[in-house]
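Quick look at upload-v6.cif (mmCIF, C-alpha atoms):
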```cif
data_query
loop_
_atom_site.label_atom_id
_atom_site.label_comp_id
_atom_site.auth_asym_id
_atom_site.auth_seq_id
_atom_site.Cartn_x
_atom_site.Cartn_y
_atom_site.Cartn_z
CA MET A 3 0.00 0.00 0.00
CA PRO A 4 1.47 3.35 -0.99
CA ASN A 5 2.70 5.59 1.79
CA PRO A 6 0.26 8.58 2.00
CA TYR A 7 3.00 10.91 3.27
CA ARG A 8 5.20 10.09 0.28
CA ILE A 9 2.32 10.87 -2.13
CA LEU A 10 1.68 14.21 -0.42
CA ALA A 11 5.38 15.08 -0.61
CA LEU A 12 5.57 14.32 -4.32
CA ALA A 13 2.45 16.37 -5.00
CA PHE A 14 3.93 19.32 -3.08
CA ILE A 15 7.19 19.18 -5.09
CA VAL A 16 5.32 19.07 -8.42
CA ALA A 17 3.19 22.04 -7.43
CA ILE A 18 6.22 24.13 -6.49
CA SER A 19 8.02 23.20 -9.76
CA VAL A 20 5.08 24.15 -11.93
CA GLY A 21 4.56 27.40 -10.04
CA GLY A 22 8.24 28.23 -10.30
CA ALA A 23 8.25 27.59 -14.02
CA THR A 24 5.24 29.82 -14.36
CA MET A 25 6.89 32.66 -12.47
CA LEU A 26 10.07 32.49 -14.57
CA GLN A 27 8.20 33.18 -17.78
CA PRO A 28 8.00 36.91 -18.62
CA GLY A 29 4.70 38.31 -17.64
CA ILE A 30 5.25 41.89 -18.86
CA PRO A 31 6.52 43.28 -22.20
CA ALA A 32 10.24 43.90 -22.66
CA PRO A 33 11.35 47.48 -21.94
CA ASN A 34 11.44 50.01 -24.79
CA PRO A 35 14.98 50.00 -26.30
CA ASP A 36 14.86 53.81 -26.46
CA GLU A 37 14.37 53.87 -22.68
CA ALA A 38 17.09 51.34 -21.93
CA PRO A 39 20.18 52.63 -20.08
CA THR A 40 23.14 53.45 -22.31
CA VAL A 41 26.86 53.49 -21.79
CA GLY A 42 28.54 56.87 -22.03
CA VAL A 43 30.86 57.86 -24.85
CA LEU A 44 34.16 56.05 -24.60
CA TYR A 45 37.33 57.87 -25.70
CA ALA A 46 39.94 55.75 -27.44
CA ALA A 47 43.34 57.41 -27.34
CA PRO A 48 45.15 57.51 -30.73
CA VAL A 49 47.93 54.97 -31.17
CA GLU A 50 49.94 56.97 -33.70
CA ARG A 51 51.11 60.46 -34.54
CA VAL A 52 51.05 61.62 -38.16
CA GLU A 53 53.55 64.02 -39.74
CA THR A 54 53.30 65.24 -43.34
CA HIS A 55 56.33 66.67 -45.13
CA VAL A 56 56.38 68.29 -48.59
CA LEU A 57 59.39 67.87 -50.87
CA SER A 58 60.65 71.34 -51.76
CA SER A 59 62.67 72.35 -54.81
CA GLY A 60 66.20 70.93 -54.66
CA GLN A 61 65.39 68.76 -51.65
CA THR A 62 65.93 64.99 -51.63
CA LEU A 63 63.88 62.25 -50.04
CA SER A 64 66.84 61.42 -47.81
CA GLY A 65 66.82 65.02 -46.59
CA VAL A 66 63.13 64.84 -45.73
CA LEU A 67 63.62 61.55 -43.88
CA SER A 68 66.52 63.03 -41.92
CA GLN A 69 64.26 65.90 -40.85
CA ALA A 70 61.77 63.26 -39.74
CA ARG A 71 64.51 61.64 -37.61
CA ILE A 72 64.84 58.55 -39.78
CA THR A 73 68.57 58.00 -40.24
CA GLY A 74 71.35 55.44 -40.48
CA GLN A 75 70.50 51.80 -41.07
CA GLU A 76 66.79 52.47 -40.68
CA MET A 77 66.87 54.91 -43.60
CA ALA A 78 68.93 52.47 -45.68
CA ASP A 79 66.41 49.68 -45.07
CA LEU A 80 63.53 52.01 -45.87
CA LEU A 81 65.05 53.20 -49.17
CA LEU A 82 65.78 49.57 -50.11
CA GLY A 83 62.14 48.63 -49.67
CA MET A 84 61.00 51.75 -51.51
CA ARG A 85 63.12 51.09 -54.61
CA GLN A 86 60.88 48.15 -55.49
CA HIS A 87 58.09 50.63 -56.24
CA LEU A 88 59.72 53.95 -57.17
CA ASN A 89 63.03 55.70 -57.78
CA PRO A 90 63.62 57.95 -54.73
CA GLY A 91 65.86 60.23 -56.83
CA ARG A 92 63.04 61.05 -59.28
CA LEU A 93 60.40 62.38 -56.96
CA SER A 94 58.98 65.71 -58.12
CA THR A 95 58.73 68.93 -56.15
CA ASN A 96 55.69 69.13 -53.80
CA THR A 97 55.54 65.36 -53.33
CA GLU A 98 53.89 64.60 -49.98
CA ILE A 99 55.71 62.24 -47.59
CA THR A 100 53.67 61.13 -44.57
CA VAL A 101 55.41 59.62 -41.52
CA ARG A 102 53.33 57.64 -39.04
CA ARG A 103 54.85 57.01 -35.57
CA TRP A 104 53.77 54.90 -32.61
CA LEU A 105 52.65 57.36 -29.96
CA ARG A 106 53.97 55.25 -27.08
CA SER A 107 57.50 54.61 -28.37
CA ASP A 108 57.86 57.39 -30.99
CA GLU A 109 59.19 54.72 -33.38
CA PRO A 110 58.17 55.03 -37.07
CA ARG A 111 55.56 52.47 -38.10
CA ALA A 112 54.74 53.50 -41.70
CA ILE A 113 55.86 55.86 -44.46
CA GLU A 114 53.57 56.99 -47.31
CA VAL A 115 54.83 58.70 -50.48
CA ARG A 116 52.01 60.15 -52.58
CA LEU A 117 53.00 59.75 -56.24
CA ASN A 118 49.88 61.42 -57.62
CA ARG A 119 46.18 61.75 -56.89
CA ASP A 120 45.59 58.11 -57.73
CA SER A 121 48.50 56.18 -56.21
CA THR A 122 50.54 56.18 -53.00
CA VAL A 123 53.52 54.01 -52.08
CA ARG A 124 53.04 52.78 -48.51
CA LEU A 125 55.82 51.11 -46.49
CA VAL A 126 55.14 49.41 -43.16
CA LYS A 127 57.95 48.60 -40.75
CA GLN A 128 58.40 44.97 -39.81
CA GLN A 129 60.97 43.60 -37.39
CA THR A 130 63.88 43.44 -39.85
CA ARG A 131 62.60 45.18 -42.99
CA TRP A 132 60.11 47.59 -44.56
CA ASP A 133 57.32 45.97 -46.58
CA GLY A 134 55.90 48.15 -49.37
CA GLU A 135 52.85 48.27 -51.62
CA VAL A 136 51.23 50.68 -54.06
CA VAL A 137 47.84 51.82 -52.75
CA ILE A 138 45.43 52.93 -55.48
CA THR A 139 42.95 55.64 -54.60
CA PRO A 140 39.47 54.04 -54.61
CA THR A 141 36.88 55.45 -56.98
CA VAL A 142 33.14 55.18 -57.47
CA VAL A 143 31.39 55.50 -60.83
CA ASP A 144 28.35 57.73 -60.62
CA THR A 145 26.13 59.66 -63.01
CA VAL A 146 25.75 63.43 -63.01
CA TYR A 147 22.93 65.45 -64.60
CA ALA A 148 23.76 69.08 -65.41
CA SER A 149 22.00 71.93 -67.14
CA GLY A 150 22.01 75.69 -67.27
CA GLU A 151 21.23 78.86 -69.18
CA ILE A 152 23.99 80.82 -70.86
CA GLN A 153 24.19 84.51 -70.02
CA ARG A 154 27.47 85.31 -71.76
CA THR A 155 29.58 82.24 -72.62
CA LEU A 156 29.34 78.50 -72.09
CA TYR A 157 32.57 78.64 -70.07
CA GLU A 158 31.15 81.15 -67.61
CA ALA A 159 27.83 79.31 -67.39
CA ILE A 160 29.55 76.11 -66.22
CA VAL A 161 32.73 77.24 -64.44
CA PHE A 162 31.16 80.15 -62.53
CA ASP A 163 27.99 78.30 -61.55
CA GLU A 164 27.83 78.94 -57.79
CA SER A 165 25.22 76.23 -57.27
CA SER A 166 27.48 73.52 -58.70
CA GLN A 167 28.98 71.01 -56.26
CA LEU A 168 31.72 70.05 -58.71
CA PRO A 169 35.34 71.14 -58.10
CA VAL A 170 36.34 74.06 -60.35
CA PRO A 171 38.99 72.04 -62.28
CA ASP A 172 36.32 69.47 -63.10
CA ARG A 173 33.98 72.19 -64.35
CA ARG A 174 36.69 73.45 -66.69
CA GLY A 175 37.21 69.92 -67.98
CA LEU A 176 33.48 69.57 -68.53
CA VAL A 177 33.46 72.67 -70.76
CA ALA A 178 36.16 71.10 -72.93
CA GLU A 179 34.26 67.78 -73.04
CA LEU A 180 31.02 69.45 -74.14
CA ALA A 181 32.81 71.58 -76.73
CA GLY A 182 34.40 68.39 -78.08
CA VAL A 183 30.98 66.78 -78.58
CA TYR A 184 29.87 69.69 -80.81
CA GLU A 185 33.27 70.51 -82.34
CA TYR A 186 31.99 70.05 -85.90
CA LYS A 187 28.46 71.37 -85.37
CA LEU A 188 28.75 74.58 -83.37
CA ASP A 189 31.23 77.43 -83.10
CA PHE A 190 31.14 78.20 -79.39
CA THR A 191 33.03 81.47 -79.87
CA ARG A 192 30.47 82.97 -82.31
CA GLU A 193 27.19 81.09 -82.40
CA ILE A 194 26.32 80.96 -78.69
CA GLN A 195 24.02 83.79 -77.58
CA PRO A 196 22.59 84.89 -74.21
CA GLY A 197 19.49 82.83 -73.49
CA ASP A 198 20.83 79.66 -75.12
CA SER A 199 20.97 76.64 -72.82
CA TYR A 200 22.64 73.29 -72.32
CA ARG A 201 21.94 70.05 -70.51
CA MET A 202 23.83 66.79 -70.30
CA VAL A 203 24.13 63.42 -68.63
CA TYR A 204 27.61 62.18 -67.97
CA GLU A 205 29.29 59.34 -66.18
CA ARG A 206 32.38 59.93 -64.09
CA GLU A 207 34.89 57.97 -62.04
CA VAL A 208 35.09 60.01 -58.82
CA ARG A 209 37.70 59.99 -56.06
CA PRO A 210 36.87 60.34 -52.33
CA ASP A 211 37.79 64.05 -52.46
CA GLY A 212 35.06 64.66 -55.06
CA SER A 213 37.36 65.13 -58.06
CA ALA A 214 36.90 63.05 -61.20
CA ARG A 215 39.55 60.68 -62.50
CA SER A 216 37.70 60.42 -65.79
CA ARG A 217 34.33 61.25 -67.30
CA LYS A 218 32.31 60.56 -70.43
CA ILE A 219 29.30 62.56 -71.64
CA LEU A 220 26.58 60.03 -72.46
CA ALA A 221 23.96 62.46 -73.76
CA ALA A 222 23.92 66.19 -74.37
CA GLU A 223 21.67 68.87 -75.79
CA MET A 224 22.50 72.43 -76.84
CA ASN A 225 19.60 74.80 -77.49
CA VAL A 226 21.02 77.52 -79.72
CA ARG A 227 18.75 80.26 -81.11
CA GLY A 228 15.73 78.03 -80.64
CA HIS A 229 17.27 75.03 -82.40
CA SER A 230 18.02 71.83 -80.50
CA TYR A 231 21.25 69.90 -81.11
CA LYS A 232 21.27 66.54 -79.37
CA GLY A 233 24.19 64.16 -79.21
CA PHE A 234 24.40 60.60 -77.87
CA TRP A 235 27.52 58.58 -77.17
CA PHE A 236 27.49 55.15 -78.83
CA ASP A 237 30.26 52.59 -78.43
CA HIS A 238 30.06 49.53 -80.64
CA ASP A 239 32.49 47.36 -82.57
CA GLN A 240 31.08 48.81 -85.82
CA ALA A 241 30.56 52.44 -84.73
CA ARG A 242 31.97 54.66 -82.03
CA GLY A 243 31.32 58.34 -81.39
CA TYR A 244 28.55 60.92 -80.93
CA TYR A 245 25.46 60.75 -83.13
CA ASP A 246 22.21 62.70 -83.38
CA GLU A 247 18.71 61.27 -83.01
CA GLU A 248 18.73 60.07 -86.63
CA ALA A 249 21.98 58.11 -86.15
CA ARG A 250 23.98 60.70 -88.12
CA PRO A 251 27.49 61.47 -86.81
CA LEU A 252 28.10 64.84 -85.15
CA ALA A 253 31.70 64.79 -86.33
CA HIS A 254 33.12 65.16 -89.80
CA GLY A 255 35.06 62.23 -91.14
CA PHE A 256 38.24 64.32 -90.99
CA SER A 257 39.53 67.03 -88.71
CA ARG A 258 41.50 69.85 -90.34
CA TYR A 259 44.60 69.69 -88.20
CA PRO A 260 46.77 66.75 -87.08
CA VAL A 261 48.56 68.83 -84.40
CA GLU A 262 47.46 71.33 -81.78
CA PHE A 263 48.66 74.93 -81.61
CA VAL A 264 48.72 75.13 -85.40
CA ARG A 265 51.47 77.15 -87.12
CA ILE A 266 51.60 76.60 -90.87
CA THR A 267 55.10 76.98 -92.31
CA SER A 268 54.41 75.84 -95.88
CA ASN A 269 51.15 75.48 -97.80
CA PHE A 270 50.06 73.04 -100.46
CA ASN A 271 51.80 74.26 -103.65
CA PRO A 272 52.29 72.38 -106.95
CA ASN A 273 55.17 74.75 -107.91
CA ARG A 274 57.10 75.24 -104.69
CA TYR A 275 60.87 75.83 -104.70
CA HIS A 276 62.38 73.09 -102.54
CA PRO A 277 64.77 74.62 -99.94
CA ILE A 278 67.06 71.56 -99.83
CA LEU A 279 66.94 70.23 -103.41
CA LYS A 280 67.15 73.80 -104.83
CA THR A 281 64.63 73.05 -107.54
CA VAL A 282 60.95 73.58 -108.27
CA ARG A 283 59.10 70.60 -106.91
CA ALA A 284 55.42 70.14 -106.06
CA HIS A 285 54.64 70.36 -102.37
CA THR A 286 51.73 67.97 -102.06
CA GLY A 287 50.95 68.63 -98.44
CA THR A 288 50.82 71.19 -95.65
CA ASP A 289 53.71 71.74 -93.25
CA PHE A 290 52.91 72.45 -89.60
CA GLY A 291 55.71 73.94 -87.54
CA ALA A 292 55.97 72.49 -84.04
CA PRO A 293 58.71 71.52 -81.55
CA THR A 294 60.22 68.06 -81.70
CA GLY A 295 58.09 65.64 -79.71
CA THR A 296 54.77 67.39 -80.30
CA PRO A 297 52.05 64.69 -80.55
CA VAL A 298 50.70 64.02 -84.05
CA MET A 299 47.10 62.79 -84.30
CA SER A 300 45.27 60.87 -86.99
CA THR A 301 42.75 63.19 -88.63
CA ALA A 302 40.25 60.38 -89.18
CA GLU A 303 39.49 56.82 -88.25
CA GLY A 304 41.33 54.31 -90.41
CA THR A 305 43.94 51.56 -90.73
CA VAL A 306 47.72 52.01 -90.81
CA VAL A 307 49.09 50.77 -94.17
CA PHE A 308 52.67 52.02 -93.74
CA ALA A 309 54.84 52.86 -90.72
CA GLY A 310 58.54 53.18 -91.35
CA VAL A 311 61.26 55.12 -93.19
CA ASN A 312 60.39 56.35 -96.69
CA GLY A 313 63.12 58.41 -98.43
CA GLY A 314 62.65 62.17 -98.13
CA TYR A 315 59.57 61.66 -95.97
CA GLY A 316 61.77 60.24 -93.22
CA ASN A 317 59.70 58.43 -90.61
CA LEU A 318 56.26 58.16 -92.24
CA VAL A 319 52.85 56.90 -91.17
CA GLU A 320 50.28 56.34 -93.91
CA ILE A 321 46.64 55.63 -93.00
CA ARG A 322 43.85 54.36 -95.27
CA HIS A 323 40.38 55.74 -94.51
CA PHE A 324 36.90 55.27 -95.95
CA ASN A 325 35.82 56.21 -99.52
CA GLY A 326 39.33 56.21 -101.01
CA TYR A 327 40.91 58.74 -98.61
CA ILE A 328 44.52 58.35 -97.46
CA THR A 329 46.57 60.56 -95.12
CA ARG A 330 50.34 60.77 -94.68
CA TYR A 331 52.31 62.08 -91.69
CA ALA A 332 56.00 62.64 -92.42
CA HIS A 333 59.33 63.64 -90.79
CA LEU A 334 58.27 62.07 -87.47
CA SER A 335 60.88 61.78 -84.73
CA ARG A 336 59.32 58.50 -83.62
CA PHE A 337 56.12 56.46 -83.83
CA ALA A 338 53.56 56.14 -81.04
CA SER A 339 53.40 52.87 -79.16
CA GLY A 340 51.47 50.18 -81.03
CA ILE A 341 51.50 51.95 -84.41
CA ARG A 342 52.32 49.37 -87.08
CA VAL A 343 50.87 48.09 -90.34
CA GLY A 344 47.36 46.80 -89.73
CA THR A 345 46.72 48.88 -86.59
CA ARG A 346 43.21 50.33 -86.44
CA VAL A 347 43.30 53.95 -85.24
CA SER A 348 40.56 56.34 -84.17
CA GLN A 349 40.20 60.01 -85.00
CA LYS A 350 42.58 62.17 -82.89
CA GLN A 351 44.54 59.14 -81.70
CA VAL A 352 48.24 59.95 -81.30
CA ILE A 353 50.20 58.08 -83.97
CA GLY A 354 53.63 59.71 -83.72
CA TYR A 355 55.64 62.77 -82.72
CA VAL A 356 56.98 65.76 -84.67
CA GLY A 357 60.59 65.52 -85.81
CA ALA A 358 62.97 66.45 -88.64
CA THR A 359 63.78 63.11 -90.25
CA GLY A 360 64.20 62.81 -94.03
CA LEU A 361 64.50 66.00 -96.12
CA ALA A 362 63.62 68.55 -93.45
CA THR A 363 65.37 71.79 -92.50
CA ALA A 364 63.70 72.04 -89.06
CA PRO A 365 61.22 70.12 -86.90
CA HIS A 366 57.80 70.11 -88.51
CA LEU A 367 55.01 67.81 -89.66
CA HIS A 368 54.37 67.28 -93.37
CA TYR A 369 50.70 66.29 -93.69
CA GLU A 370 49.12 65.01 -96.92
CA LEU A 371 45.54 64.24 -97.84
CA ARG A 372 44.96 62.04 -100.91
CA VAL A 373 41.66 61.15 -102.56
CA ASN A 374 41.70 58.13 -104.87
CA GLY A 375 45.47 58.51 -105.20
CA ARG A 376 45.47 62.26 -106.01
CA ALA A 377 46.91 64.79 -103.53
CA VAL A 378 44.52 67.60 -102.54
CA ASP A 379 44.90 70.66 -100.35
CA ALA A 380 43.76 69.53 -96.90
CA ARG A 381 43.05 73.13 -95.84
CA THR A 382 40.52 73.87 -98.60
CA ALA A 383 39.19 70.43 -99.54
CA ARG A 384 35.56 69.68 -98.72
CA LEU A 385 35.84 67.08 -96.00
CA PRO A 386 33.27 64.29 -95.90
CA ASP A 387 31.08 63.50 -92.92
CA ALA A 388 31.92 60.43 -90.91
CA PRO A 389 30.01 57.36 -92.07
CA PRO A 390 26.58 56.87 -90.45
CA ILE A 391 25.82 53.99 -88.14
CA PRO A 392 25.49 50.76 -90.17
CA GLY A 393 21.94 49.64 -90.75
CA ALA A 394 22.49 46.35 -88.94
CA ILE A 395 22.97 48.12 -85.60
CA ARG A 396 20.87 51.23 -86.22
CA GLY A 397 17.97 49.85 -84.16
CA GLU A 398 20.31 49.21 -81.24
CA PHE A 399 21.53 52.82 -81.37
CA LEU A 400 18.00 54.26 -81.62
CA ALA A 401 16.98 52.36 -78.48
CA VAL A 402 19.95 53.81 -76.58
CA ALA A 403 19.26 57.30 -77.92
CA ALA A 404 15.56 57.15 -76.97
CA GLU A 405 16.36 56.09 -73.43
CA ARG A 406 18.98 58.80 -72.94
CA SER A 407 16.80 61.42 -74.59
CA THR A 408 14.19 60.68 -71.92
CA LEU A 409 16.84 61.31 -69.27
CA LEU A 410 17.65 64.67 -70.83
CA GLU A 411 14.00 65.69 -70.81
CA ARG A 412 13.81 65.07 -67.05
CA ILE A 413 16.78 67.27 -66.17
CA PRO A 414 15.92 70.48 -64.31
CA TYR A 415 18.32 73.40 -64.21
CA GLY A 416 21.36 72.94 -62.01
CA VAL A 417 23.60 69.97 -61.18
CA GLN A 418 22.31 66.76 -59.67
CA PHE A 419 23.95 63.46 -58.81
CA ALA A 420 22.41 60.11 -59.55
CA ARG A 421 23.01 57.09 -57.35
CA SER A 422 26.48 55.62 -57.41
CA ARG A 423 26.66 52.88 -60.01
CA GLN A 424 29.92 51.19 -59.24
CA ASP A 425 32.45 50.77 -56.49
CA ALA A 426 35.79 49.00 -56.27
CA ALA A 427 34.06 45.63 -56.01
CA GLY A 428 31.79 45.94 -59.05
CA ARG A 429 28.71 47.56 -60.49
CA THR A 430 25.80 48.54 -58.28
CA GLY A 431 22.71 50.69 -58.57
CA ASP A 432 20.86 51.73 -61.71
CA ASP A 433 22.20 51.63 -65.26
CA LEU A 434 21.45 54.24 -67.86
#
```

Is it possible to express this structure as structure tokens?
Amino acid sequence: MPNPYRILALAFIVAISVGGATMLQPGIPAPNPDEAPTVGVLYAAPVERVETHVLSSGQTLSGVLSQARITGQEMADLLLGMRQHLNPGRLSTNTEITVRRWLRSDEPRAIEVRLNRDSTVRLVKQQTRWDGEVVITPTVVDTVYASGEIQRTLYEAIVFDESSQLPVPDRRGLVAELAGVYEYKLDFTREIQPGDSYRMVYEREVRPDGSARSRKILAAEMNVRGHSYKGFWFDHDQARGYYDEEARPLAHGFSRYPVEFVRITSNFNPNRYHPILKTVRAHTGTDFGAPTGTPVMSTAEGTVVFAGVNGGYGNLVEIRHFNGYITRYAHLSRFASGIRVGTRVSQKQVIGYVGATGLATAPHLHYELRVNGRAVDARTARLPDAPPIPGAIRGEFLAVAAERSTLLERIPYGVQFARSRQDAAGRTGDDL
């Protein structure tokens, strides 16, 4: 027969356990996080001290390091590690050298030499050596929408726009970019009038300080005297450049000048007296005077058919273009990297550098334009437009143009930034 006292004891224990379990369960809501107690601000003392030195004219890196109290074997080890990434003797004036020191021991822990806005050599001290690496400034690709009304000039409208968040150097670059889009359509020195307006969408690769490493105008519109000029960037294997809404190129097929800062020293002349041969001999080109080393640019898209030495021409590049056009660039001091027979070149691509090779009395460029084998005066010849977009890809271009035209229509006056579209890890955000 069961013991009644034992049964009562077991019942009492069960009752207490159940009651205890019930009491341990939360019976009221958790406190509001906003009302919860918080820990005060904690101050973390810095672990390093940072010194920045600027290389002055005539000063050496060793001199700067000595001023920073890095001498003897430590300097020798540092320079040894640095030589894997740069030549310490070739640093330019105003180069920034940053020295980082441990605050507790005052020992140097890292040295940073800023080569330019996009790269810094960083050396970190290990036990027996300095380990170095080149640190590339991170960039983000974003899209900027800009527009404005011109009161006097396009330059003033963009550069002196007080509402713009862009750095002034970038605004100046943007003026040049926009002028380049309409180089063959509009004369910005004469045709632009007060009341005309502009708007554009462009993509840029921006540094943390807000400056742009590069940019590309994707769509633009100039309203000049009530007439709209739109241009859309299109990059395809079969067509590359700016085109209007009807897929017609904004550029001519040829630019007039193969060098900048043009100074003509001899014109096209079928009866010119040759200064070296001392005889009357046709001058089938135009001579542009320029210092040795001045870049020479292809005046049109085409294919290199000759790159080498050719008698009195000296170093010569000959390029075949569309519709029977050929250009020659003579007396070059040297050829640009990658220029050889079969190379495909774009308009304004550098193909060589001014020199005085062959029959030349001084550094200059002899430039020839030939049509179906006959030399013509490049300064007076009627230059053809660039070829239109091929029919096979015209539909693809029109789709791009329609989409970007819609973006232009949505732009209000002023400068706005779209969402970032890319970071160091890859593309993010919206695409145009």

Inset, instruction - Evaluate the PyMOL selection byres ((chain A and resi 190) around 12) on the structure here and hand back the selected residues as a PyMOL selection string. - result: chain A and resi 152+154-157+177-178+180-189+191-195+198+224+226

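The point (45.0, 54.9, -32.1) has these residues within 12 Å of it when only C-alpha atoms are used: Tyr45, Ala46, Ala47, Pro48, Val49, Glu50, Arg51, Val52, Arg102, Arg103, Trp104, Leu105 and Arg106 of chain A.
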
Include C-alpha atoms and write out the residues we just selected as a short mmCIF file (atom, residue, chain, number, x, y, z; two decimals), keeping the file's coordinate frame.
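And here is the file that came out, selection13.cif:
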```
data_model
loop_
_atom_site.label_atom_id
_atom_site.label_comp_id
_atom_site.auth_asym_id
_atom_site.auth_seq_id
_atom_site.Cartn_x
_atom_site.Cartn_y
_atom_site.Cartn_z
CA TYR A 45 37.33 57.87 -25.70
CA ALA A 46 39.94 55.75 -27.44
CA ALA A 47 43.34 57.41 -27.34
CA PRO A 48 45.15 57.51 -30.73
CA VAL A 49 47.93 54.97 -31.17
CA GLU A 50 49.94 56.97 -33.70
CA ARG A 51 51.11 60.46 -34.54
CA VAL A 52 51.05 61.62 -38.16
CA ARG A 102 53.33 57.64 -39.04
CA ARG A 103 54.85 57.01 -35.57
CA TRP A 104 53.77 54.90 -32.61
CA LEU A 105 52.65 57.36 -29.96
CA ARG A 106 53.97 55.25 -27.08
#
```

Legend entry - Surrounding residues of Ile113 of chain A excluding itself and chain neighbours under 4 positions, 7 Å, all atoms listed in the file, as a count of residues only: 6

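Residues lying within 7 Å of His333 of chain A, counting all atoms listed in the file and ignoring same-chain neighbours fewer than 3 positions away, are Tyr315, Gly316, Asn317, Leu318, Val356, Gly357, Ala358, Thr359, Gly360, Leu367 and His368 of chain A.
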
With the PyMOL selection byres ((chain A and resi 248-257) around 8) as the selection, what would be picked from this file? Answer as a short mmCIF file (atom, residue, chain, number, x, y, z; two decimals) with C-alpha atoms, keeping the file's coordinate frame, please.
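Saved file part.cif follows:
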```cif
data_model
loop_
_atom_site.label_atom_id
_atom_site.label_comp_id
_atom_site.auth_asym_id
_atom_site.auth_seq_id
_atom_site.Cartn_x
_atom_site.Cartn_y
_atom_site.Cartn_z
CA VAL A 183 30.98 66.78 -78.58
CA TYR A 184 29.87 69.69 -80.81
CA GLU A 185 33.27 70.51 -82.34
CA TYR A 186 31.99 70.05 -85.90
CA LYS A 187 28.46 71.37 -85.37
CA GLY A 233 24.19 64.16 -79.21
CA GLY A 243 31.32 58.34 -81.39
CA TYR A 244 28.55 60.92 -80.93
CA TYR A 245 25.46 60.75 -83.13
CA ASP A 246 22.21 62.70 -83.38
CA GLU A 247 18.71 61.27 -83.01
CA ARG A 258 41.50 69.85 -90.34
CA TYR A 259 44.60 69.69 -88.20
CA PRO A 260 46.77 66.75 -87.08
CA THR A 301 42.75 63.19 -88.63
CA ALA A 302 40.25 60.38 -89.18
CA GLU A 303 39.49 56.82 -88.25
CA GLN A 349 40.20 60.01 -85.00
CA LEU A 385 35.84 67.08 -96.00
CA PRO A 386 33.27 64.29 -95.90
CA ASP A 387 31.08 63.50 -92.92
CA ALA A 388 31.92 60.43 -90.91
CA PRO A 389 30.01 57.36 -92.07
CA PRO A 390 26.58 56.87 -90.45
CA ILE A 391 25.82 53.99 -88.14
CA ARG A 396 20.87 51.23 -86.22
CA PHE A 399 21.53 52.82 -81.37
CA LEU A 400 18.00 54.26 -81.62
#
```

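Distances from A:Ala404, A:Val307, A:Ile413, A:Leu361 to Val203 of chain A were compared using only C-alpha atoms, and the smallest one belongs to A:Ile413.
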
Inset, instruction - Please identify all polymer residues within 8 Å of segment 85-87 of chain A, counting all atoms listed in the file, omitting same-chain residues fewer than 4 positions from it, and present them as number ranges by chain. - result: A: 81, 123, 134-136

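When the PyMOL selection byres ((chain A and resi 217) around 10) is evaluated on the file shown here, the picked residues come out as A:Val143, A:Asp144, A:Thr145, A:Val146, A:Asp172, A:Gly175, A:Leu176, A:Glu179, A:Tyr204, A:Glu205, A:Arg206, A:Glu207, A:Val208, A:Ala214, A:Arg215, A:Ser216, A:Lys218, A:Ile219, A:Leu220.
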
Inset, instruction - State, in Å with one decimal place, the distance from atom CA of Arg342 of chain A to atom CA of Arg381 of chain A. - result: 27.0 Å

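Reported to one decimal place, the separation of atom CA of Asp239 of chain A from atom CA of Gly393 of chain A is 13.5 Å.
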
Legend entry - Polymer residues at most 9 Å from Val402 of chain A, all atoms listed in the file, same-chain spacing of 3 or more positions, as a count of residues only: 10

Legend entry - Closest of A:Pro110, A:Gly212, A:Gly197, A:Gly91 to Thr141 of chain A - atom-to-atom distances counting only C-alpha atoms: A:Gly212

Legend entry - Expected residue set, 10 Å radius at (46.3, 58.9, -103.3), all atoms listed in the file, as a ChimeraX atom specification: /A:322,326-330,370-378

Legend entry - Nearest to Ile353 of chain A by atom-to-atom distance, counting only C-alpha atoms, from A:Ser300, A:Phe308, A:Ala112, A:His323: A:Ser300

Inset, instruction - Give me, please, the distance in Å between atom CA of Asn89 of chain A and atom CA of Pro140 of chain A, quoted to one decimal. - result: 23.8 Å

Please return the centre and edge lengths, in Å to one decimal, of a box with edges along x, y and z that contains all listed atoms of segment 212-222 of chain A, widened by 5 Å on every side, as JSON.
```
{"center_x": 31.7, "center_y": 63.1, "center_z": -64.7, "size_x": 25.6, "size_y": 16.2, "size_z": 29.3}
```

Legend entry - Selection near Gln167 of chain A, 12 Å with all atoms listed in the file, sequence-local residues under 2 positions removed, as a list in words: Val146, Tyr147, Ala148, Ile160, Val161, Phe162, Asp163, Glu164, Ser165, Pro169, Val170, Pro171, Asp172, Arg173, Asp211, Gly212, Ser213, Gly416, Val417, Gln418 and Phe419 of chain A
